[in-house]
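Quick look at entry.cif (mmCIF, C-alpha atoms and all ligand atoms):
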```cif
data_upload
#
loop_
_atom_site.label_atom_id
_atom_site.label_comp_id
_atom_site.auth_asym_id
_atom_site.auth_seq_id
_atom_site.Cartn_x
_atom_site.Cartn_y
_atom_site.Cartn_z
CA MET Z 202 159.14 10.45 225.19
CA PHE Z 203 157.09 7.93 223.20
CA THR Z 204 153.86 6.46 224.58
CA LEU Z 205 151.07 4.20 223.40
CA SER Z 206 147.88 6.04 222.39
CA HIS Z 207 144.80 5.31 224.50
CA THR Z 208 142.53 4.52 221.54
CA PRO Z 209 143.29 1.58 219.25
CA LEU Z 210 143.79 2.42 215.58
CA ILE Z 211 142.39 -0.98 214.54
CA LYS Z 212 140.36 -3.06 217.00
CA GLU Z 213 140.58 -6.83 217.48
CA ASP Z 214 137.24 -7.57 215.84
CA GLU Z 215 138.12 -5.39 212.82
CA ILE Z 216 141.38 -7.32 212.36
CA ALA Z 217 139.61 -10.68 212.65
CA SER Z 218 136.94 -9.77 210.14
CA ARG Z 219 139.45 -8.34 207.62
CA ILE Z 220 141.62 -11.46 207.90
CA ALA Z 221 138.59 -13.62 207.09
CA ASP Z 222 137.97 -11.42 204.00
CA LEU Z 223 141.62 -11.64 202.94
CA ALA Z 224 141.60 -15.43 203.33
CA ARG Z 225 138.51 -15.70 201.12
CA MET Z 226 140.08 -13.47 198.43
CA ILE Z 227 143.41 -15.30 198.50
CA ALA Z 228 141.70 -18.70 198.47
CA ASP Z 229 139.56 -17.73 195.46
CA ASP Z 230 142.65 -16.53 193.55
CA LEU Z 231 145.20 -19.17 194.52
CA ARG Z 232 143.31 -22.41 195.21
CA ARG Z 233 143.49 -23.40 191.54
CA TYR Z 234 147.30 -23.47 191.60
CA GLY Z 235 147.52 -26.23 194.24
CA PRO Z 236 149.40 -26.12 197.53
CA ILE Z 237 150.88 -22.87 198.78
CA THR Z 238 154.19 -22.40 200.55
CA ALA Z 239 153.84 -19.58 203.06
CA VAL Z 240 156.82 -17.35 203.79
CA PRO Z 241 156.11 -15.13 206.80
CA MET Z 242 158.73 -12.49 207.55
CA LEU Z 243 159.76 -12.50 211.16
CA ARG Z 244 159.48 -11.09 213.60
CA GLY Z 245 156.62 -8.64 213.16
CA CYS Z 246 154.46 -10.96 211.05
CA PHE Z 247 154.15 -13.89 213.45
CA VAL Z 248 150.67 -13.05 214.80
CA PHE Z 249 149.23 -12.05 211.42
CA ALA Z 250 150.66 -15.20 209.79
CA ALA Z 251 149.25 -17.45 212.51
CA ASP Z 252 145.74 -16.03 212.01
CA LEU Z 253 145.82 -15.72 208.21
CA LEU Z 254 147.23 -19.20 207.60
CA ARG Z 255 144.57 -20.81 209.78
CA ALA Z 256 141.90 -18.76 208.00
CA LEU Z 257 143.28 -20.01 204.66
CA SER Z 258 143.07 -23.61 205.89
CA ARG Z 259 139.42 -23.01 206.84
CA GLU Z 260 138.89 -21.85 203.24
CA GLY Z 261 140.29 -25.17 202.00
CA VAL Z 262 143.71 -23.90 200.90
CA GLU Z 263 146.48 -26.44 201.34
CA ILE Z 264 149.60 -24.94 202.92
CA ASP Z 265 152.38 -27.42 202.16
CA GLU Z 266 155.04 -25.67 204.24
CA VAL Z 267 155.65 -22.55 206.30
CA CYS Z 268 159.17 -21.22 205.78
CA PHE Z 269 160.14 -18.40 208.12
CA LEU Z 270 162.51 -15.73 206.96
CA THR Z 271 163.99 -13.17 209.34
CA ALA Z 272 164.75 -9.75 207.88
CA SER Z 273 165.47 -6.47 209.55
CA SER Z 274 165.36 -2.90 208.28
CA TYR Z 275 164.56 -1.01 211.45
CA GLY Z 276 167.15 -0.31 214.11
CA SER Z 277 165.70 0.81 217.40
CA GLY Z 278 162.98 3.47 217.52
CA THR Z 279 160.64 4.47 214.71
CA THR Z 280 162.96 5.10 211.75
CA SER Z 281 164.14 2.64 209.14
CA SER Z 282 167.86 2.12 208.65
CA GLY Z 283 167.17 1.76 204.90
CA THR Z 284 169.38 -1.32 204.71
CA ILE Z 285 167.66 -4.70 204.64
CA LYS Z 286 169.51 -7.44 206.44
CA VAL Z 287 168.45 -11.06 206.01
CA LEU Z 288 169.22 -12.47 209.44
CA GLN Z 289 167.90 -15.95 208.70
CA SER Z 290 167.26 -17.11 205.16
CA ILE Z 291 165.28 -20.04 203.76
CA THR Z 292 166.94 -23.39 203.21
CA THR Z 293 163.91 -25.08 201.55
CA ASP Z 294 164.04 -25.49 197.77
CA LEU Z 295 161.31 -23.14 196.48
CA LYS Z 296 161.59 -24.16 192.82
CA ASP Z 297 158.16 -24.51 191.15
CA ARG Z 298 156.31 -23.66 194.37
CA ASN Z 299 153.45 -21.18 194.80
CA ILE Z 300 154.74 -18.70 197.34
CA LEU Z 301 152.66 -16.48 199.57
CA LEU Z 302 155.08 -13.93 201.04
CA LEU Z 303 153.65 -12.32 204.19
CA ASP Z 304 154.70 -9.21 206.04
CA ASP Z 305 153.20 -7.18 208.84
CA ILE Z 306 153.49 -3.77 207.17
CA ILE Z 307 154.79 -2.16 204.00
CA ASP Z 308 156.31 1.26 204.46
CA THR Z 309 159.02 2.42 201.99
CA GLY Z 310 158.53 -0.86 200.10
CA ARG Z 311 162.24 -1.70 200.20
CA THR Z 312 161.94 -4.83 202.35
CA LEU Z 313 159.23 -6.60 200.36
CA LYS Z 314 160.76 -5.63 197.02
CA HIS Z 315 164.16 -6.92 198.09
CA ILE Z 316 162.86 -10.16 199.60
CA LYS Z 317 160.57 -10.87 196.64
CA GLU Z 318 163.57 -10.51 194.30
CA LEU Z 319 165.60 -12.81 196.54
CA LEU Z 320 162.89 -15.50 196.52
CA GLY Z 321 162.42 -14.99 192.76
CA ASP Z 322 166.01 -16.15 192.27
CA MET Z 323 164.91 -19.54 193.64
CA GLN Z 324 162.61 -20.02 190.62
CA PRO Z 325 159.21 -20.51 192.28
CA SER Z 326 156.16 -20.77 189.97
CA ARG Z 327 154.74 -17.56 191.40
CA ILE Z 328 155.11 -15.22 194.36
CA MET Z 329 152.08 -13.42 195.77
CA THR Z 330 152.56 -10.84 198.49
CA CYS Z 331 150.26 -9.91 201.36
CA THR Z 332 150.67 -7.38 204.16
CA LEU Z 333 148.34 -6.66 207.03
CA LEU Z 334 149.10 -2.93 206.90
CA ASP Z 335 150.17 -0.48 204.21
CA LYS Z 336 151.46 3.08 204.57
CA PRO Z 337 151.19 4.17 200.90
CA SER Z 338 152.27 7.76 201.62
CA ARG Z 339 155.71 6.50 202.74
CA ARG Z 340 156.55 4.52 199.59
CA GLU Z 341 160.07 5.15 198.20
CA VAL Z 342 160.28 2.30 195.69
CA GLU Z 343 157.66 1.06 193.26
CA PHE Z 344 155.98 -1.90 194.92
CA GLU Z 345 152.36 -2.81 195.58
CA PRO Z 346 151.47 -5.96 197.53
CA ASP Z 347 148.87 -8.22 195.91
CA TYR Z 348 146.76 -8.18 199.10
CA VAL Z 349 146.55 -5.54 201.83
CA GLY Z 350 144.55 -5.71 205.04
CA PHE Z 351 144.39 -2.02 205.96
CA SER Z 352 145.79 1.13 204.40
CA ILE Z 353 146.88 3.54 207.15
CA ASN Z 354 148.31 7.05 207.49
CA ASP Z 355 151.94 7.77 208.32
CA VAL Z 356 151.86 6.86 212.01
CA PHE Z 357 154.06 4.42 213.89
CA VAL Z 358 151.97 1.43 214.85
CA VAL Z 359 152.46 -1.39 217.34
CA GLY Z 360 150.63 -4.48 218.54
CA TYR Z 361 149.44 -7.67 216.87
CA GLY Z 362 153.11 -8.63 216.38
CA LEU Z 363 154.51 -5.16 215.65
CA ASP Z 364 156.91 -3.64 218.15
CA PHE Z 365 158.47 -0.43 219.34
CA ASP Z 366 161.92 -1.33 220.69
CA GLN Z 367 160.64 -4.93 221.09
CA LYS Z 368 157.66 -3.84 223.24
CA TYR Z 369 153.91 -4.16 222.56
CA ARG Z 370 154.10 -7.19 220.22
CA ALA Z 371 151.52 -9.09 222.30
CA LEU Z 372 148.80 -6.41 222.18
CA PRO Z 373 145.73 -7.95 220.51
CA TYR Z 374 144.95 -4.74 218.59
CA ILE Z 375 146.91 -2.18 216.51
CA GLY Z 376 147.81 0.95 218.49
CA ILE Z 377 149.75 4.12 217.71
CA ILE Z 378 153.00 5.28 219.29
CA GLU Z 379 152.85 9.01 219.96
CA GLU Z 380 155.67 11.37 220.81
CA GLN Z 381 154.93 13.49 223.87
CA ILE Z 382 156.30 17.01 223.42
CA ALA Z 383 157.30 18.37 226.85
P1 LIG Z 401 159.86 -1.01 204.47
O1 LIG Z 401 160.19 0.47 204.67
O2 LIG Z 401 161.05 -1.75 203.97
O3 LIG Z 401 159.56 -1.46 205.92
O4 LIG Z 401 158.62 -1.19 203.62
C1 LIG Z 401 158.97 -2.63 206.25
C2 LIG Z 401 159.33 -2.97 207.68
O5 LIG Z 401 159.43 -1.78 208.49
C3 LIG Z 401 158.91 -2.00 209.77
N1 LIG Z 401 157.90 -0.95 210.02
C4 LIG Z 401 157.22 -0.80 211.15
N2 LIG Z 401 157.24 -1.52 212.28
N3 LIG Z 401 155.58 -0.11 213.21
C5 LIG Z 401 156.41 -1.17 213.32
O6 LIG Z 401 156.41 -1.82 214.34
C6 LIG Z 401 155.50 0.66 212.09
O7 LIG Z 401 154.72 1.62 212.05
C7 LIG Z 401 156.38 0.29 211.01
N4 LIG Z 401 156.57 0.82 209.77
C8 LIG Z 401 157.51 0.02 209.20
C9 LIG Z 401 158.33 -3.39 209.75
O8 LIG Z 401 159.25 -4.25 210.38
C10 LIG Z 401 158.23 -3.78 208.31
O9 LIG Z 401 158.42 -5.16 208.08
#
```
Could you express the structure from this file as structure tokens?
Amino acid sequence: MFTLSHTPLIKEDEIASRIADLARMIADDLRRYGPITAVPMLRGCFVFAADLLRALSREGVEIDEVCFLTASSYGSGTTSSGTIKVLQSITTDLKDRNILLLDDIIDTGRTLKHIKELLGDMQPSRIMTCTLLDKPSRREVEFEPDYVGFSINDVFVVGYGLDFDQKYRALPYIGIIEEQIA
């Protein structure tokens, strides 16, 4: 049986403060290129994207468009299927745009690598990648996001948009799913 741990792994105020830091870093690096087209990967990234994009606006970054892309690599439970399915792609022309590709978490690295390649085929000027969470010990392909909120150990996390079998997405903090051994 899987249950939610009692203690948060990352508290609300820690997330808020790190997002403000990330926004400052991204703004300093990208402001000079002009408007940014944000590409948040649904569904897990919706809360992170909402907070980060507003923080970027506060930093004076112009977001010209938010293009949602729905990809899936996890079936049900806590293990990846290893196959990335694009369930809803982007119809906007990304040629010559500055793309900020956002995801909730990087694990094996397959999803971000695959999606970055896919967007690269649309000839944007540049693609920067940002994830709220990173599990570096789980990496199976060579890929490092340009910006990472928190590096975490190999635990299954939920909350702040991330789910376990579609549950816990609305938690305001990041928690851990633990397996109870009977
Ligand atoms: P890869 O392995 O392609 O995986 O880097 C990225 C996607 O895997 C999902 N993922 C998780 N989802 N808790 C979750 O709710 C986790 O601990 C977790 N680890 C990976 C997530 O959808 C991410 O986009």
Within 10 Å of stretch 327-350 of chain Z: each stretch 212-265 of chain Z residue with its shortest pair, all atoms listed in the file, as JSON lines:
```
{"residue": "Z:Ile216", "atom": "CA", "partner": "Z:Gly350", "partner_atom": "CA", "distance": 8.1}
{"residue": "Z:Arg219", "atom": "CA", "partner": "Z:Gly350", "partner_atom": "CA", "distance": 6.3}
{"residue": "Z:Ile220", "atom": "CA", "partner": "Z:Gly350", "partner_atom": "CA", "distance": 7.1}
{"residue": "Z:Asp222", "atom": "CA", "partner": "Z:Gly350", "partner_atom": "CA", "distance": 8.8}
{"residue": "Z:Leu223", "atom": "CA", "partner": "Z:Gly350", "partner_atom": "CA", "distance": 6.9}
{"residue": "Z:Ala224", "atom": "CA", "partner": "Z:Tyr348", "partner_atom": "CA", "distance": 9.9}
{"residue": "Z:Met226", "atom": "CA", "partner": "Z:Tyr348", "partner_atom": "CA", "distance": 8.5}
{"residue": "Z:Ile227", "atom": "CA", "partner": "Z:Tyr348", "partner_atom": "CA", "distance": 7.9}
{"residue": "Z:Leu231", "atom": "CA", "partner": "Z:Met329", "partner_atom": "CA", "distance": 9.1}
{"residue": "Z:Tyr234", "atom": "CA", "partner": "Z:Arg327", "partner_atom": "CA", "distance": 9.5}
{"residue": "Z:Ile237", "atom": "CA", "partner": "Z:Ile328", "partner_atom": "CA", "distance": 9.8}
{"residue": "Z:Thr238", "atom": "CA", "partner": "Z:Ile328", "partner_atom": "CA", "distance": 9.5}
{"residue": "Z:Ala239", "atom": "CA", "partner": "Z:Met329", "partner_atom": "CA", "distance": 9.7}
{"residue": "Z:Val240", "atom": "CA", "partner": "Z:Thr330", "partner_atom": "CA", "distance": 9.4}
{"residue": "Z:Pro241", "atom": "CA", "partner": "Z:Cys331", "partner_atom": "CA", "distance": 9.5}
{"residue": "Z:Cys246", "atom": "CA", "partner": "Z:Leu333", "partner_atom": "CA", "distance": 8.5}
{"residue": "Z:Phe249", "atom": "CA", "partner": "Z:Leu333", "partner_atom": "CA", "distance": 7.0}
{"residue": "Z:Ala250", "atom": "CA", "partner": "Z:Leu333", "partner_atom": "CA", "distance": 9.3}
{"residue": "Z:Leu253", "atom": "CA", "partner": "Z:Leu333", "partner_atom": "CA", "distance": 9.5}
```
Please provide as a PDB file with C-alpha atoms, in the frame of the given file all residues within 6 Å of Z:Gly362, with the sequence filter that same-chain residues fewer than 4 positions apart are discarded (counting all atoms listed in the file).
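Once written, result.pdb looks like this:
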```pdb
ATOM      1  CA  GLY Z 245     156.620  -8.640 213.160  1.00  0.00           C
ATOM      2  CA  CYS Z 246     154.460 -10.960 211.050  1.00  0.00           C
ATOM      3  CA  VAL Z 248     150.670 -13.050 214.800  1.00  0.00           C
ATOM      4  CA  ARG Z 370     154.100  -7.190 220.220  1.00  0.00           C
TER       5      ARG Z 370
END
```
What does the distance from atom CA of Z:Asp355 to atom CA of Z:Thr204 come to in Å, to one decimal?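 Interatomic distance, atom CA of Z:Asp355 to atom CA of Z:Thr204: 16.4 Å.
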May I have the residues within 6 Å of ligand LIG 401 (chain Z), computed using only C-alpha atoms and all ligand atoms, as a PDB file with C-alpha atoms, keeping the file's coordinate frame?
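Result file is selection32.pdb:
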```
ATOM      1  CA  GLY Z 245     156.620  -8.640 213.160  1.00  0.00           C
ATOM      2  CA  TYR Z 275     164.560  -1.010 211.450  1.00  0.00           C
ATOM      3  CA  ASP Z 304     154.700  -9.210 206.040  1.00  0.00           C
ATOM      4  CA  ASP Z 305     153.200  -7.180 208.840  1.00  0.00           C
ATOM      5  CA  ILE Z 306     153.490  -3.770 207.170  1.00  0.00           C
ATOM      6  CA  ILE Z 307     154.790  -2.160 204.000  1.00  0.00           C
ATOM      7  CA  ASP Z 308     156.310   1.260 204.460  1.00  0.00           C
ATOM      8  CA  THR Z 309     159.020   2.420 201.990  1.00  0.00           C
ATOM      9  CA  GLY Z 310     158.530  -0.860 200.100  1.00  0.00           C
ATOM     10  CA  ARG Z 311     162.240  -1.700 200.200  1.00  0.00           C
ATOM     11  CA  THR Z 312     161.940  -4.830 202.350  1.00  0.00           C
ATOM     12  CA  VAL Z 356     151.860   6.860 212.010  1.00  0.00           C
ATOM     13  CA  PHE Z 357     154.060   4.420 213.890  1.00  0.00           C
ATOM     14  CA  VAL Z 358     151.970   1.430 214.850  1.00  0.00           C
ATOM     15  CA  VAL Z 359     152.460  -1.390 217.340  1.00  0.00           C
ATOM     16  CA  LEU Z 363     154.510  -5.160 215.650  1.00  0.00           C
ATOM     17  CA  ASP Z 364     156.910  -3.640 218.150  1.00  0.00           C
ATOM     18  CA  PHE Z 365     158.470  -0.430 219.340  1.00  0.00           C
TER      19      PHE Z 365
END
```
Work out how far atom CA of Z:Asp322 is from atom CA of Z:Val287, in Å to one decimal.
->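 Here the two named atoms are 14.9 Å from each other.
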Legend entry - Near-Z:His315 list (10 Å; all atoms listed in the file; drop same-chain fewer than 6 positions) as a ChimeraX atom specification: /Z:285-287,321
- Could you state the separation of atom CA of Z:Arg232 and atom CA of Z:Asp294 in Å, given to one decimal place?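 The value is 21.1 Å.
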